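**Student:** Here it is, the structure in full.
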Amino acid sequence: MAIVITGDAPAHRKLGGYLRVVVSVPAADAAAGSVRPLAPCSLSACGAVPLTPLPDDAHSHARATPRGPAKWRATGGGGSSVLRQLRALAGHRCVEVEGTVLRVAVREGAAEARAVLLLDVYLPLAAWSGWQFPRSRASAAAAVFKHLSCNWDARKALVAFDWSSRDSTHCDDQYIWSCTDCHVLGCEVHQISAIPNNEKSFDLHEIFKVLPSVRAEKAMQIITRIIPDVVSDEPLEPGIWDIPDDVLNKVLIRLKPRDLIRVAASCHHLRALASSIMPCMKLKLFAHQEAAVEWMLRREQNSEPLAHPLCKNFCTEDGFPFFINVTSGEIFTGVAPTINDFGGGMFCDEPGLGKTVTALSLILKTQGTLAEPPKGVDIKWCMHKQDKKVWIL
């Protein structure tokens with residue numbers, strides 16, 4: 001099922017990641033020193049000493065995890081323990097695992113002992129040629145790789161640590177008896193969800209301090225004033241660069257939406273001035289409303305490919321990148337997977353912050369302009385009205 005460490009990795013596999021998992025060991029064997037730190041082990045035994053997964057209900061804190069058949073399907077048939085899921089993957093030869101004992105702890109006054117294992121997970125070399133996990137094991141693979149790490153400097157520090165000395169304390173020691181349901185030390189997924197709601201801070205005032213706004217962006221921008229090209233030493237003729245910004249603002253306010261867009265496209269300075277102007281509106285928007293209008297305009301007009309939110313980035317020990325979908329278990333190599341961003345979004349300001357005025361400002365800002373057609377869709381232009389241009393799906 002698992003392979004004992006034998007030196008250099010064979011050519012048919014690559015070290016894709018590692019994790020630290022807590023297992024149960026017989027207290028008598030632990031007290032007798034049969035399980036020693038830095039000893040090689042498999043997923044089921046360290047020499048003649050059996051290593052068993054912790055029971056799923058071994059912790060006092062409750063989790064909102066699915067039970068019964070739903071839990072079985074969600075975890076790939078291995079329960080919530082990552083060790084059981086690794087056993088299932090190794091048993092079907094989907095991965096190879098090498099283990100090393102890091103720490104052995106015995107609870108005083110109880111016939112119970114636990115060990116911390118460093119498990120190295122190897123992917124077959126065929127994964128870089130299109131190989132995928134079997135469909136029956138894809139969910140288990142997704143759950144396992146969700147917990148893997150490829151921080152190789154941190155792994156070197158774990159191996160170099162003096163685990164045999166009882167005087168050497170490690171930050172993982174405090175979690176041996178209170179690990180999460182997955183039994184993986186340093187599990188970010190379960191640690192984040194374990195934070196009680198009453199300990200999560202939420203301060204609306206602090207959020208507004210860091211909220212990006214048009215005014216804040218203007219202060220950070222490079223100077224956008226119009227600078228004329230100087231061809232000779234002759235004095236410059238009067239031009240738009242001589243007009244103060246307050247006068248330009250008064251002119252821009254009187255423009256219709258379509259004219260305002262055309263003027264804003266002429267130069268950076270006019271674009272910066274026009275960003276805070278809402279056509280046909282006498283009200284002056286607050287900074288957070290201006291930022292909201294700018295954000296909604298970007299969401300409607302500039303849709304770009306995004307990194308796939310369900311894919312986790314990995315890098316093998318020898319520098320080969322790969323990506324795994326932590327929901328489906330699909331493996332990607334080479335180019336990072338992306339998704340096509342959608343147009344639009346959700347505008348969710350708090351009550352009383354002027355969402356109605358902000359939404360109306362967006363309508364006025366785009367009044368008379370043509371919406372961007374969806375990418376990759378066959379568009380037919382309707383030209384029966386000479387003064388209007390309309391596209392039809």
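Order determines the names: the first chain of the structure tokens is A, the second B, and so forth; residues in each chain are numbered 1 upward, and ligands are numbered 1 upward as they are shown.
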Please, which residues of region 6-188 of chain A, numbered as in this document, come out strand (DSSP E) from DSSP, as a VMD selection string?

**Tutor:** chain A and resid 13 to 25 40 to 41 45 to 46 49 to 50 52 to 53 96 to 106 113 to 124 184 to 185

**Student:** If we count only C-alpha atoms, what is near Pro337 (chain A) at a cut-off of 10 Å, once residues fewer than 5 positions away on the same chain are taken out, given as a PyMOL selection string?

**Tutor:** chain A and resi 305-313+322-325+331-332

**Student:** CA of Ala90 (chain A) and CA of Glu112 (chain A), how far apart in Å?

**Tutor:** 27.4 Å

**Student:** Using Å and a single decimal, report how far CA of Ser44 (chain A) sits from CA of Leu102 (chain A).

**Tutor:**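 Computing the Euclidean distance for CA of Leu102 (chain A) and CA of Ser44 (chain A) yields 15.4 Å.
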
**Student:** Near region 35-41 of chain A, within 10 Å and counting only C-alpha atoms, which residues show up once chain neighbours fewer than 4 positions away are dropped, as a count of residues only?

**Tutor:** 37

**Student:** Contacts of Leu89 (chain A) at 12 Å or less, counting only C-alpha atoms, minus same-chain residues fewer than 6 places along, as a PyMOL selection string?

**Tutor:** chain A and resi 1-2+43+76-78+82-83+95-97+121-123+133-145+329

**Student:** How would the residues just chosen look if you wrote them out with C-alpha atoms as a PDB file, in the first residue's frame?

**Tutor:**
```pdb
ATOM      1  CA  MET A   1       0.000   0.000   0.000  1.00  0.00           C
ATOM      2  CA  ALA A   2       2.750   2.474   0.922  1.00  0.00           C
ATOM      3  CA  LEU A  43       0.332   4.157   6.154  1.00  0.00           C
ATOM      4  CA  GLY A  76     -14.750   9.632  -1.365  1.00  0.00           C
ATOM      5  CA  GLY A  77     -15.781   6.703   0.802  1.00  0.00           C
ATOM      6  CA  GLY A  78     -13.073   7.270   3.415  1.00  0.00           C
ATOM      7  CA  VAL A  82      -7.329  12.047   5.349  1.00  0.00           C
ATOM      8  CA  LEU A  83      -5.323   8.958   6.337  1.00  0.00           C
ATOM      9  CA  VAL A  95      -0.578   7.624  -5.508  1.00  0.00           C
ATOM     10  CA  GLU A  96       2.442   6.356  -3.615  1.00  0.00           C
ATOM     11  CA  VAL A  97       3.104   7.429  -0.054  1.00  0.00           C
ATOM     12  CA  VAL A 121       2.584  11.911  -1.545  1.00  0.00           C
ATOM     13  CA  TYR A 122       3.894  10.982  -4.991  1.00  0.00           C
ATOM     14  CA  LEU A 123       1.973  11.388  -8.237  1.00  0.00           C
ATOM     15  CA  PHE A 133      -7.627   9.882 -11.109  1.00  0.00           C
ATOM     16  CA  PRO A 134     -10.297   7.203 -11.628  1.00  0.00           C
ATOM     17  CA  ARG A 135     -13.785   8.618 -11.311  1.00  0.00           C
ATOM     18  CA  SER A 136     -14.472   6.419  -8.284  1.00  0.00           C
ATOM     19  CA  ARG A 137     -11.483   7.956  -6.445  1.00  0.00           C
ATOM     20  CA  ALA A 138     -11.609  11.514  -7.734  1.00  0.00           C
ATOM     21  CA  SER A 139     -13.462  12.906  -4.706  1.00  0.00           C
ATOM     22  CA  ALA A 140     -11.027  11.241  -2.306  1.00  0.00           C
ATOM     23  CA  ALA A 141      -8.104  12.667  -4.295  1.00  0.00           C
ATOM     24  CA  ALA A 142      -9.669  16.130  -4.155  1.00  0.00           C
ATOM     25  CA  ALA A 143     -10.056  15.887  -0.376  1.00  0.00           C
ATOM     26  CA  VAL A 144      -6.462  14.713   0.076  1.00  0.00           C
ATOM     27  CA  PHE A 145      -4.826  17.329  -2.135  1.00  0.00           C
ATOM     28  CA  GLY A 329      -9.962  15.975  -8.377  1.00  0.00           C
TER      29      GLY A 329
END
```

**Student:** Counting only C-alpha atoms, which of A:Cys171, A:Cys267, A:Ala11, A:Ile261 gets nearest to Gln367 (chain A)?

**Tutor:**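 Going through A:Cys171, A:Cys267, A:Ala11, A:Ile261 one by one, the smallest distance to Gln367 (chain A) is for A:Ile261.
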
**Student:** Just to confirm, what's the straight-line distance from CA of Ala274 (chain A) to CA of Val357 (chain A) in Å (one decimal)?

**Tutor:**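 CA of Ala274 (chain A) sits 17.7 Å away from CA of Val357 (chain A).
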